[in-house]
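*Asks:* File entry.pdb follows (PDB, C-alpha atoms and all ligand atoms):
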ATOM      1  CA  MET A  19     205.828  98.371 101.244
ATOM      2  CA  LYS A  20     203.229 100.770 102.688
ATOM      3  CA  SER A  21     204.244 103.525 105.109
ATOM      4  CA  LEU A  22     202.474 106.600 106.477
ATOM      5  CA  VAL A  23     204.939 109.478 106.551
ATOM      6  CA  SER A  24     202.529 112.121 105.241
ATOM      7  CA  ILE A  25     198.732 112.038 105.186
ATOM      8  CA  ASN A  26     199.186 112.524 101.417
ATOM      9  CA  ASP A  27     200.621 108.979 101.280
ATOM     10  CA  ILE A  28     197.038 107.685 101.382
ATOM     11  CA  ASP A  29     194.177 108.654  99.086
ATOM     12  CA  LYS A  30     190.554 109.421  99.916
ATOM     13  CA  THR A  31     189.447 105.800  99.444
ATOM     14  CA  THR A  32     192.115 104.571 101.871
ATOM     15  CA  ILE A  33     191.327 107.303 104.411
ATOM     16  CA  LEU A  34     187.676 106.240 104.355
ATOM     17  CA  LYS A  35     188.591 102.559 104.577
ATOM     18  CA  ILE A  36     190.774 103.131 107.665
ATOM     19  CA  CYS A  37     188.136 105.347 109.329
ATOM     20  CA  GLN A  38     185.368 102.812 108.705
ATOM     21  CA  ARG A  39     187.520  99.951 109.997
ATOM     22  CA  ALA A  40     188.280 101.967 113.159
ATOM     23  CA  LEU A  41     184.568 102.433 113.837
ATOM     24  CA  GLU A  42     183.929  98.749 113.105
ATOM     25  CA  ILE A  43     186.506  97.839 115.792
ATOM     26  CA  LYS A  44     184.892 100.314 118.182
ATOM     27  CA  THR A  45     181.463  98.762 117.590
ATOM     28  CA  HIS A  46     182.383  95.071 117.500
ATOM     29  CA  GLY A  47     185.356  94.938 119.880
ATOM     30  CA  PHE A  48     189.028  94.032 119.640
ATOM     31  CA  SER A  49     190.384  90.900 117.964
ATOM     32  CA  LYS A  50     193.865  89.449 117.551
ATOM     33  CA  THR A  51     194.396  90.435 113.935
ATOM     34  CA  LEU A  52     198.188  90.957 114.230
ATOM     35  CA  PRO A  53     199.583  87.881 116.011
ATOM     36  CA  ASP A  54     203.362  87.371 115.735
ATOM     37  CA  LYS A  55     203.992  90.952 114.601
ATOM     38  CA  ILE A  56     206.649  93.012 116.383
ATOM     39  CA  ILE A  57     206.125  96.753 116.332
ATOM     40  CA  ALA A  58     208.806  99.168 117.515
ATOM     41  CA  THR A  59     207.750 102.435 119.144
ATOM     42  CA  LEU A  60     210.526 105.013 118.857
ATOM     43  CA  PHE A  61     209.611 108.220 120.652
ATOM     44  CA  PHE A  62     212.407 110.798 120.643
ATOM     45  CA  GLU A  63     210.008 113.429 122.003
ATOM     46  CA  PRO A  64     207.480 113.363 124.881
ATOM     47  CA  SER A  65     204.022 111.918 124.240
ATOM     48  CA  THR A  66     201.117 110.604 126.266
ATOM     49  CA  ARG A  67     198.232 109.915 123.855
ATOM     50  CA  THR A  68     200.111 108.904 120.726
ATOM     51  CA  LYS A  69     202.593 106.610 122.448
ATOM     52  CA  LEU A  70     200.143 104.947 124.820
ATOM     53  CA  SER A  71     197.342 104.576 122.276
ATOM     54  CA  PHE A  72     199.782 103.021 119.782
ATOM     55  CA  GLN A  73     201.049 100.665 122.491
ATOM     56  CA  SER A  74     197.474  99.838 123.498
ATOM     57  CA  ALA A  75     196.579  99.264 119.814
ATOM     58  CA  ILE A  76     199.581  96.923 119.425
ATOM     59  CA  LEU A  77     198.642  94.868 122.499
ATOM     60  CA  ARG A  78     194.887  94.845 121.718
ATOM     61  CA  SER A  79     195.585  93.452 118.252
ATOM     62  CA  GLY A  80     197.819  90.658 119.534
ATOM     63  CA  ALA A  81     201.157  92.107 118.385
ATOM     64  CA  GLN A  82     204.245  92.714 120.546
ATOM     65  CA  ILE A  83     205.864  96.041 121.446
ATOM     66  CA  LEU A  84     209.576  96.628 120.947
ATOM     67  CA  ASN A  85     210.043  99.664 123.141
ATOM     68  CA  PHE A  86     212.820 102.215 122.711
ATOM     69  CA  GLU A  87     213.969 104.641 125.381
ATOM     70  CA  ALA A  88     215.889 107.443 123.662
ATOM     71  CA  ASP A  89     217.698 108.391 126.896
ATOM     72  CA  ASN A  90     218.917 104.815 127.399
ATOM     73  CA  SER A  91     219.878 104.120 123.804
ATOM     74  CA  SER A  92     223.073 104.383 121.774
ATOM     75  CA  LEU A  93     221.919 107.829 120.655
ATOM     76  CA  LYS A  94     223.707 108.861 123.846
ATOM     77  CA  LYS A  95     226.937 107.524 122.311
ATOM     78  CA  GLY A  96     226.375 109.567 119.160
ATOM     79  CA  GLU A  97     224.559 107.044 116.944
ATOM     80  CA  THR A  98     222.626 108.682 114.094
ATOM     81  CA  LEU A  99     218.886 108.481 113.489
ATOM     82  CA  GLU A 100     219.603 106.604 110.252
ATOM     83  CA  ASP A 101     221.675 103.893 111.950
ATOM     84  CA  THR A 102     219.113 103.579 114.747
ATOM     85  CA  ILE A 103     216.360 103.023 112.174
ATOM     86  CA  ARG A 104     218.433 100.596 110.061
ATOM     87  CA  MET A 105     219.018  98.432 113.115
ATOM     88  CA  THR A 106     215.488  98.654 114.504
ATOM     89  CA  SER A 107     213.974  97.748 111.152
ATOM     90  CA  ALA A 108     215.983  94.511 111.273
ATOM     91  CA  TYR A 109     214.287  93.632 114.577
ATOM     92  CA  ALA A 110     210.686  94.758 113.940
ATOM     93  CA  ASP A 111     207.908  94.419 111.340
ATOM     94  CA  LEU A 112     206.957  98.093 111.607
ATOM     95  CA  ILE A 113     208.354 101.253 113.223
ATOM     96  CA  VAL A 114     206.283 104.026 114.784
ATOM     97  CA  ILE A 115     208.434 107.133 115.144
ATOM     98  CA  ARG A 116     207.984 110.504 116.809
ATOM     99  CA  HIS A 117     210.846 112.961 116.499
ATOM    100  CA  PRO A 118     211.260 116.721 117.075
ATOM    101  CA  GLU A 119     212.768 117.403 113.616
ATOM    102  CA  ALA A 120     210.581 118.065 110.569
ATOM    103  CA  GLY A 121     211.454 115.532 107.874
ATOM    104  CA  SER A 122     212.779 112.906 110.309
ATOM    105  CA  ALA A 123     210.033 110.375 109.465
ATOM    106  CA  LEU A 124     210.936 110.633 105.771
ATOM    107  CA  ARG A 125     214.628 110.171 106.639
ATOM    108  CA  ALA A 126     213.629 107.076 108.596
ATOM    109  CA  GLN A 127     211.592 105.707 105.702
ATOM    110  CA  GLN A 128     214.527 106.170 103.316
ATOM    111  CA  VAL A 129     216.759 103.763 105.286
ATOM    112  CA  SER A 130     214.194 101.411 106.818
ATOM    113  CA  SER A 131     213.641  97.850 105.657
ATOM    114  CA  CYS A 132     210.189  97.814 107.298
ATOM    115  CA  PRO A 133     207.204 100.224 107.097
ATOM    116  CA  ILE A 134     207.316 103.538 108.969
ATOM    117  CA  ILE A 135     204.423 105.354 110.636
ATOM    118  CA  ASN A 136     205.005 109.019 111.411
ATOM    119  CA  ALA A 137     203.726 109.769 114.920
ATOM    120  CA  GLY A 138     204.644 113.458 114.606
ATOM    121  CA  ASP A 139     207.777 115.072 113.131
ATOM    122  CA  GLY A 140     208.512 118.594 114.306
ATOM    123  CA  THR A 141     206.214 121.203 112.771
ATOM    124  CA  ASN A 142     205.753 119.056 109.685
ATOM    125  CA  GLU A 143     202.938 116.515 110.086
ATOM    126  CA  HIS A 144     200.972 114.312 112.462
ATOM    127  CA  PRO A 145     199.025 112.068 110.085
ATOM    128  CA  THR A 146     197.746 109.537 112.640
ATOM    129  CA  GLN A 147     196.244 112.401 114.655
ATOM    130  CA  THR A 148     194.407 113.456 111.517
ATOM    131  CA  LEU A 149     193.030 109.961 110.998
ATOM    132  CA  LEU A 150     191.591 109.873 114.506
ATOM    133  CA  ASP A 151     190.189 113.386 114.038
ATOM    134  CA  LEU A 152     188.390 112.167 110.927
ATOM    135  CA  VAL A 153     187.174 109.003 112.673
ATOM    136  CA  THR A 154     185.662 111.201 115.382
ATOM    137  CA  ILE A 155     183.887 113.425 112.870
ATOM    138  CA  LEU A 156     182.704 110.434 110.836
ATOM    139  CA  GLU A 157     181.313 108.830 113.997
ATOM    140  CA  HIS A 158     179.559 112.034 115.071
ATOM    141  CA  HIS A 159     178.432 113.480 111.726
ATOM    142  CA  GLY A 160     177.962 110.219 109.803
ATOM    143  CA  SER A 161     179.982 111.462 106.839
ATOM    144  CA  LEU A 162     183.193 113.327 106.030
ATOM    145  CA  ASP A 163     181.299 115.686 103.722
ATOM    146  CA  GLY A 164     178.902 118.520 104.391
ATOM    147  CA  PHE A 165     180.173 120.369 107.460
ATOM    148  CA  THR A 166     182.041 123.500 108.454
ATOM    149  CA  ILE A 167     185.178 123.185 110.568
ATOM    150  CA  THR A 168     187.106 125.977 112.237
ATOM    151  CA  LEU A 169     190.817 125.420 112.687
ATOM    152  CA  GLY A 170     191.649 127.504 115.735
ATOM    153  CA  GLY A 171     194.548 128.576 117.922
ATOM    154  CA  ASP A 172     198.165 128.107 116.884
ATOM    155  CA  LEU A 173     197.902 127.534 113.130
ATOM    156  CA  LYS A 174     201.516 128.522 112.559
ATOM    157  CA  TYR A 175     203.451 125.923 114.580
ATOM    158  CA  SER A 176     200.920 123.099 115.003
ATOM    159  CA  ARG A 177     201.761 119.958 113.012
ATOM    160  CA  THR A 178     198.235 118.587 113.305
ATOM    161  CA  ILE A 179     196.921 121.486 111.199
ATOM    162  CA  PRO A 180     198.853 120.803 107.948
ATOM    163  CA  SER A 181     197.943 117.101 108.070
ATOM    164  CA  LEU A 182     194.287 117.863 108.759
ATOM    165  CA  LEU A 183     194.126 120.454 105.965
ATOM    166  CA  HIS A 184     195.607 118.009 103.434
ATOM    167  CA  ALA A 185     193.091 115.347 104.456
ATOM    168  CA  LEU A 186     190.101 117.719 104.424
ATOM    169  CA  ALA A 187     191.009 118.723 100.864
ATOM    170  CA  ASN A 188     189.562 115.346  99.804
ATOM    171  CA  PHE A 189     186.097 116.153 101.141
ATOM    172  CA  ASP A 190     183.234 118.585 100.597
ATOM    173  CA  VAL A 191     183.839 120.799 103.642
ATOM    174  CA  LYS A 192     184.082 124.496 104.449
ATOM    175  CA  ILE A 193     187.051 125.695 106.514
ATOM    176  CA  ILE A 194     187.318 128.720 108.809
ATOM    177  CA  LEU A 195     190.742 129.818 110.034
ATOM    178  CA  ALA A 196     190.682 131.480 113.456
ATOM    179  CA  SER A 197     193.912 132.394 115.224
ATOM    180  CA  PRO A 198     195.664 135.236 116.994
ATOM    181  CA  GLN A 199     197.443 137.328 114.340
ATOM    182  CA  LEU A 200     200.948 136.116 115.316
ATOM    183  CA  LEU A 201     199.882 132.484 114.938
ATOM    184  CA  SER A 202     198.158 132.671 111.539
ATOM    185  CA  LEU A 203     198.372 129.846 109.020
ATOM    186  CA  PRO A 204     201.469 130.364 106.830
ATOM    187  CA  ASP A 205     200.645 131.768 103.375
ATOM    188  CA  HIS A 206     202.124 128.828 101.478
ATOM    189  CA  LEU A 207     199.641 126.473 103.186
ATOM    190  CA  LYS A 208     196.701 128.853 102.873
ATOM    191  CA  ALA A 209     197.245 129.164  99.133
ATOM    192  CA  ASN A 210     196.678 125.419  98.669
ATOM    193  CA  PHE A 211     193.245 125.416 100.301
ATOM    194  CA  GLN A 212     191.708 128.685  99.046
ATOM    195  CA  ASP A 213     188.717 126.896  97.528
ATOM    196  CA  LYS A 214     187.701 125.498 100.947
ATOM    197  CA  ILE A 215     188.505 128.489 103.194
ATOM    198  CA  ILE A 216     185.376 130.614 103.655
ATOM    199  CA  LEU A 217     186.669 132.939 106.384
ATOM    200  CA  GLN A 218     189.900 133.954 108.092
ATOM    201  CA  THR A 219     189.490 135.741 111.395
ATOM    202  CA  HIS A 220     191.540 136.676 114.446
ATOM    203  CA  SER A 221     188.448 136.468 116.661
ATOM    204  CA  LEU A 222     187.753 133.311 118.648
ATOM    205  CA  LYS A 223     184.108 134.365 118.976
ATOM    206  CA  GLU A 224     183.658 134.658 115.220
ATOM    207  CA  GLY A 225     185.320 131.279 114.679
ATOM    208  CA  LEU A 226     182.871 129.554 117.010
ATOM    209  CA  LYS A 227     180.049 129.758 114.432
ATOM    210  CA  SER A 228     180.897 126.383 112.964
ATOM    211  CA  ASP A 229     179.940 122.702 113.209
ATOM    212  CA  TYR A 230     183.360 121.779 114.614
ATOM    213  CA  PHE A 231     185.838 124.050 116.360
ATOM    214  CA  TYR A 232     189.289 122.405 116.317
ATOM    215  CA  MET A 233     191.370 124.170 118.969
ATOM    216  CA  THR A 234     195.153 123.867 119.229
ATOM    217  CA  ARG A 235     197.467 125.023 122.007
ATOM    218  CA  VAL A 236     200.433 127.344 121.518
ATOM    219  CA  GLN A 237     203.247 124.973 120.487
ATOM    220  CA  LYS A 238     205.806 126.620 122.777
ATOM    221  CA  GLU A 239     208.360 123.854 122.317
ATOM    222  CA  ARG A 240     208.530 124.627 118.582
ATOM    223  CA  ILE A 241     208.692 128.421 118.761
ATOM    224  CA  THR A 242     212.267 129.545 118.370
ATOM    225  CA  GLY A 243     213.660 132.967 119.295
ATOM    226  CA  THR A 244     212.861 135.063 122.309
ATOM    227  CA  THR A 245     209.188 135.856 121.641
ATOM    228  CA  ASP A 246     207.121 134.415 124.488
ATOM    229  CA  ILE A 247     203.774 133.772 122.841
ATOM    230  CA  THR A 248     200.774 132.955 125.013
ATOM    231  CA  PHE A 249     197.048 133.235 124.295
ATOM    232  CA  GLU A 250     195.509 136.471 125.550
ATOM    233  CA  GLU A 251     192.349 136.228 127.645
ATOM    234  CA  ASP A 252     190.154 136.616 124.534
ATOM    235  CA  TRP A 253     191.661 133.402 123.132
ATOM    236  CA  ILE A 254     190.746 131.209 126.108
ATOM    237  CA  LEU A 255     187.695 129.121 125.242
ATOM    238  CA  ASN A 256     185.183 128.615 128.044
ATOM    239  CA  LYS A 257     181.602 127.387 128.336
ATOM    240  CA  ASN A 258     180.170 130.878 128.571
ATOM    241  CA  LEU A 259     181.732 131.821 125.201
ATOM    242  CA  CYS A 260     180.354 128.623 123.665
ATOM    243  CA  GLU A 261     176.864 129.435 124.970
ATOM    244  CA  GLN A 262     177.040 132.987 123.635
ATOM    245  CA  TYR A 263     178.747 132.536 120.279
ATOM    246  CA  ALA A 264     178.780 128.891 119.146
ATOM    247  CA  ASN A 265     176.025 127.189 117.197
ATOM    248  CA  GLN A 266     173.739 125.030 119.314
ATOM    249  CA  ASN A 267     175.381 121.852 118.007
ATOM    250  CA  THR A 268     178.987 123.031 117.722
ATOM    251  CA  LYS A 269     181.474 120.412 118.951
ATOM    252  CA  ILE A 270     184.899 121.299 120.310
ATOM    253  CA  LEU A 271     187.800 119.138 119.153
ATOM    254  CA  HIS A 272     191.408 119.369 120.360
ATOM    255  CA  PRO A 273     194.347 117.033 119.693
ATOM    256  CA  LEU A 274     195.407 117.529 123.349
ATOM    257  CA  PRO A 275     197.314 118.072 125.543
ATOM    258  CA  ARG A 276     195.554 121.290 126.448
ATOM    259  CA  VAL A 277     197.315 123.830 128.576
ATOM    260  CA  ASN A 278     194.870 126.623 129.410
ATOM    261  CA  GLU A 279     193.201 127.348 126.068
ATOM    262  CA  ILE A 280     190.078 125.299 126.905
ATOM    263  CA  THR A 281     188.720 125.686 130.431
ATOM    264  CA  THR A 282     187.521 122.589 132.271
ATOM    265  CA  ASP A 283     183.902 123.797 132.492
ATOM    266  CA  ILE A 284     183.509 122.638 128.861
ATOM    267  CA  ASP A 285     184.480 119.069 129.812
ATOM    268  CA  ASP A 286     180.997 118.118 131.010
ATOM    269  CA  SER A 287     179.106 120.231 128.491
ATOM    270  CA  PRO A 288     177.474 119.112 125.241
ATOM    271  CA  TYR A 289     180.192 121.023 123.310
ATOM    272  CA  GLN A 290     183.005 118.671 124.368
ATOM    273  CA  LEU A 291     184.142 116.019 121.877
ATOM    274  CA  TYR A 292     187.897 116.036 122.599
ATOM    275  CA  PHE A 293     187.928 113.139 125.067
ATOM    276  CA  THR A 294     186.044 110.894 122.632
ATOM    277  CA  GLN A 295     188.554 112.038 119.997
ATOM    278  CA  ALA A 296     191.497 110.914 122.181
ATOM    279  CA  GLU A 297     189.788 107.577 122.954
ATOM    280  CA  ASN A 298     189.318 106.980 119.222
ATOM    281  CA  GLY A 299     193.115 106.987 118.905
ATOM    282  CA  VAL A 300     193.269 103.310 119.865
ATOM    283  CA  TYR A 301     190.669 102.104 117.317
ATOM    284  CA  THR A 302     192.185 104.306 114.620
ATOM    285  CA  ARG A 303     195.729 103.116 115.241
ATOM    286  CA  ILE A 304     194.666  99.451 115.198
ATOM    287  CA  ALA A 305     192.925 100.075 111.862
ATOM    288  CA  LEU A 306     196.067 101.781 110.540
ATOM    289  CA  LEU A 307     198.435  99.044 111.751
ATOM    290  CA  GLU A 308     196.181  96.445 110.090
ATOM    291  CA  TYR A 309     196.183  98.412 106.843
ATOM    292  CA  ILE A 310     199.965  98.899 106.789
ATOM    293  CA  LEU A 311     200.623  95.251 107.691
ATOM    294  CA  GLY A 312     198.275  93.965 104.992
ATOM    295  CA  VAL A 313     195.325  92.621 107.007
ATOM    296  CA  TYR A 314     193.024  94.425 104.520
TER     297      TYR A 314
HETATM  298  N1  LIG A 401     197.828 114.608 120.356
HETATM  299  C1  LIG A 401     199.078 114.188 120.687
HETATM  300  O1  LIG A 401     199.936 113.987 119.824
HETATM  301  O2  LIG A 401     199.279 114.037 122.029
HETATM  302  P1  LIG A 401     200.624 113.487 122.683
HETATM  303  O3  LIG A 401     201.699 114.517 122.419
HETATM  304  O4  LIG A 401     200.328 113.306 124.140
HETATM  305  O5  LIG A 401     200.983 112.206 121.991
END
Could you rewrite the structure in this file as structure tokens?

*Replies:*
Amino acid sequence: MKSLVSINDIDKTTILKICQRALEIKTHGFSKTLPDKIIATLFFEPSTRTKLSFQSAILRSGAQILNFEADNSSLKKGETLEDTIRMTSAYADLIVIRHPEAGSALRAQQVSSCPIINAGDGTNEHPTQTLLDLVTILEHHGSLDGFTITLGGDLKYSRTIPSLLHALANFDVKIILASPQLLSLPDHLKANFQDKIILQTHSLKEGLKSDYFYMTRVQKERITGTTDITFEEDWILNKNLCEQYANQNTKILHPLPRVNEITTDIDDSPYQLYFTQAENGVYTRIALLEYILGVY
């Protein structure tokens, strides 16, 4: 039984297969490849893109959604995550889960009788975000090799960053780390990717000299303690900074939602690729559902 709890659950060949299938769907249109399948979407944490693009992917591919409202469920009576998953897996062919605790998707997989897709678990991972990031780069660059990517912003608390780093390790890429000092990539993660990291900087301007600049917001909801971390003015990305410091063809990616770290004057500029990235979530998630449910 295939699941996607960590991006490391799939190898380079499978990553490429899913990305290529996503772009095939984008080019040739939707088809009902998953009739009669029931897919449960269990979101224990707020989401716009991931939840709606999964639900769109389910409907576009001819499957049915089994929706779960955490606030209206027996969680309110004290039911555990494990019991919730055991029951849901008896009613569905696949479970998509987002949960605020790191490791919750693995806990779900351990008790589920159907496949699990991790739609984000705490600070741990967000593997489906990574797949759509790669689809976007593959579509734009034509390959997942031969580019430089800057991972920028909150590298300490973002769950998209560990998943993306693990996936990029499969490809011939150069990585720049650019973050405010307090939000640097943890050492244990950095150590695993030393051969790819060509620069670590605390300057947004320096990080902009790259083919792709992948910005992340401060993950306030995951920062514990009393420290109120916000980006200083020099960490707000605007069009003027892009024009002064980015390469001519630099593209800005962002998993979204943005708060204030990318100003809206970039939206209509040639640097913007983040809306295409979000749109690619639907094609990517159809391709992933098909893979997990054995269509290819
Ligand atoms: N990128 C992402 O996970 O967005 P949502 O939180 O809106 O799902």

*Asks:* If you take every atom of stretch 139-147 of chain A that the file lists and fit an axis-aligned box around them with 5 Å extra on each side, what centre and edge lengths come out in Å to one decimal, as JSON?

*Replies:*
{"center_x": 202.4, "center_y": 115.4, "center_z": 112.2, "size_x": 22.3, "size_y": 21.7, "size_z": 15.0}

*Asks:* Kindly provide the residues of chain A that approach ligand LIG 401 (chain A) to within 7 Å, each paired with its closest atom pair and their distance in Å to one decimal, based on only C-alpha atoms and all ligand atoms, listed by chain and increasing number, as a Markdown table.

*Replies:*
| residue | atom | partner | partner_atom | distance |
| --- | --- | --- | --- | --- |
| A:Pro64 | CA | A:LIG401 | O3 | 6.4 |
| A:Ser65 | CA | A:LIG401 | O5 | 3.8 |
| A:Thr66 | CA | A:LIG401 | O4 | 3.5 |
| A:Arg67 | CA | A:LIG401 | O4 | 4.0 |
| A:Thr68 | CA | A:LIG401 | O5 | 3.6 |
| A:Lys69 | CA | A:LIG401 | O5 | 5.8 |
| A:Gln147 | CA | A:LIG401 | N1 | 6.3 |
| A:Pro273 | CA | A:LIG401 | N1 | 4.3 |
| A:Leu274 | CA | A:LIG401 | N1 | 4.8 |
| A:Pro275 | CA | A:LIG401 | O2 | 5.7 |

*Asks:* Could you turn the residues from that selection into a file that holds C-alpha atoms, as a compact mmCIF listing (two decimals), in the frame of the given file?

*Replies:*
# COMPACT_ATOMS: atom_id res chain seq x y z
CA PRO A 64 207.48 113.36 124.88
CA SER A 65 204.02 111.92 124.24
CA THR A 66 201.12 110.60 126.27
CA ARG A 67 198.23 109.92 123.86
CA THR A 68 200.11 108.90 120.73
CA LYS A 69 202.59 106.61 122.45
CA GLN A 147 196.24 112.40 114.66
CA PRO A 273 194.35 117.03 119.69
CA LEU A 274 195.41 117.53 123.35
CA PRO A 275 197.31 118.07 125.54

*Asks:* What residues come out when you apply the PyMOL selection byres (((chain A and resi 255) around 10) and not hetatm) to this file, written as a count of residues only?

*Replies:* 21

*Asks:* If we count all atoms listed in the file and set the cut-off at 8 Å, which residues sit around A:Arg240, ignoring sequence neighbours fewer than 4 positions away in its own chain? Please answer as a ChimeraX atom specification.

*Replies:* /A:140-141,175

*Asks:* I'd like the residues picked by the PyMOL selection byres (((chain A and resi 173) around 7) and not hetatm) written out as a PyMOL selection string, using the chain letters and numbers from the file.

*Replies:* chain A and resi 170-172+174-176+179+197+201-203

*Asks:* Spell out the residues picked by the PyMOL selection byres (((chain A and resi 85) around 7) and not hetatm) here, as a PDB file with C-alpha atoms, in the coordinates of the input.

*Replies:*
ATOM      1  CA  ALA A  58     208.806  99.168 117.515  1.00  0.00           C
ATOM      2  CA  THR A  59     207.750 102.435 119.144  1.00  0.00           C
ATOM      3  CA  LEU A  60     210.526 105.013 118.857  1.00  0.00           C
ATOM      4  CA  ILE A  83     205.864  96.041 121.446  1.00  0.00           C
ATOM      5  CA  LEU A  84     209.576  96.628 120.947  1.00  0.00           C
ATOM      6  CA  PHE A  86     212.820 102.215 122.711  1.00  0.00           C
ATOM      7  CA  GLU A  87     213.969 104.641 125.381  1.00  0.00           C
TER       8      GLU A  87
END

*Asks:* Complete the atoms of stretch 264-279 of chain A to N, CA and C atoms and put them out as a PDB file, in the frame of the given file.

*Replies:*
ATOM      1  N   ALA A 264     178.745 130.098 119.988  1.00  0.00           N
ATOM      2  CA  ALA A 264     178.780 128.891 119.146  1.00  0.00           C
ATOM      3  C   ALA A 264     177.379 128.581 118.630  1.00  0.00           C
ATOM      4  N   ASN A 265     177.315 127.724 117.608  1.00  0.00           N
ATOM      5  CA  ASN A 265     176.025 127.189 117.197  1.00  0.00           C
ATOM      6  C   ASN A 265     175.551 126.230 118.290  1.00  0.00           C
ATOM      7  N   GLN A 266     174.273 125.912 118.272  1.00  0.00           N
ATOM      8  CA  GLN A 266     173.739 125.030 119.314  1.00  0.00           C
ATOM      9  C   GLN A 266     174.440 123.665 119.304  1.00  0.00           C
ATOM     10  N   ASN A 267     174.798 123.200 118.121  1.00  0.00           N
ATOM     11  CA  ASN A 267     175.381 121.852 118.007  1.00  0.00           C
ATOM     12  C   ASN A 267     176.886 121.846 117.759  1.00  0.00           C
ATOM     13  N   THR A 268     177.536 122.980 117.932  1.00  0.00           N
ATOM     14  CA  THR A 268     178.987 123.031 117.722  1.00  0.00           C
ATOM     15  C   THR A 268     179.691 122.054 118.664  1.00  0.00           C
ATOM     16  N   LYS A 269     180.663 121.316 118.119  1.00  0.00           N
ATOM     17  CA  LYS A 269     181.474 120.412 118.951  1.00  0.00           C
ATOM     18  C   LYS A 269     182.912 120.921 118.971  1.00  0.00           C
ATOM     19  N   ILE A 270     183.515 120.855 120.153  1.00  0.00           N
ATOM     20  CA  ILE A 270     184.899 121.299 120.310  1.00  0.00           C
ATOM     21  C   ILE A 270     185.819 120.072 120.223  1.00  0.00           C
ATOM     22  N   LEU A 271     186.756 120.161 119.302  1.00  0.00           N
ATOM     23  CA  LEU A 271     187.800 119.138 119.153  1.00  0.00           C
ATOM     24  C   LEU A 271     189.133 119.748 119.586  1.00  0.00           C
ATOM     25  N   HIS A 272     190.069 118.906 119.978  1.00  0.00           N
ATOM     26  CA  HIS A 272     191.408 119.369 120.360  1.00  0.00           C
ATOM     27  C   HIS A 272     192.312 118.139 120.328  1.00  0.00           C
ATOM     28  N   PRO A 273     193.490 118.225 119.704  1.00  0.00           N
ATOM     29  CA  PRO A 273     194.347 117.033 119.693  1.00  0.00           C
ATOM     30  C   PRO A 273     194.882 116.690 121.086  1.00  0.00           C
ATOM     31  N   LEU A 274     194.860 117.673 122.005  1.00  0.00           N
ATOM     32  CA  LEU A 274     195.407 117.529 123.349  1.00  0.00           C
ATOM     33  C   LEU A 274     196.919 117.248 123.268  1.00  0.00           C
ATOM     34  N   PRO A 275     197.721 117.553 124.253  1.00  0.00           N
ATOM     35  CA  PRO A 275     197.314 118.072 125.543  1.00  0.00           C
ATOM     36  C   PRO A 275     196.850 119.529 125.460  1.00  0.00           C
ATOM     37  N   ARG A 276     195.896 119.878 126.330  1.00  0.00           N
ATOM     38  CA  ARG A 276     195.554 121.290 126.448  1.00  0.00           C
ATOM     39  C   ARG A 276     196.407 121.877 127.557  1.00  0.00           C
ATOM     40  N   VAL A 277     196.604 123.169 127.491  1.00  0.00           N
ATOM     41  CA  VAL A 277     197.315 123.830 128.576  1.00  0.00           C
ATOM     42  C   VAL A 277     196.285 124.676 129.321  1.00  0.00           C
ATOM     43  N   ASN A 278     195.923 125.823 128.758  1.00  0.00           N
ATOM     44  CA  ASN A 278     194.870 126.623 129.410  1.00  0.00           C
ATOM     45  C   ASN A 278     193.882 127.162 128.386  1.00  0.00           C
ATOM     46  N   GLU A 279     194.016 126.734 127.122  1.00  0.00           N
ATOM     47  CA  GLU A 279     193.201 127.348 126.068  1.00  0.00           C
ATOM     48  C   GLU A 279     191.756 126.846 126.032  1.00  0.00           C
TER      49      GLU A 279
END
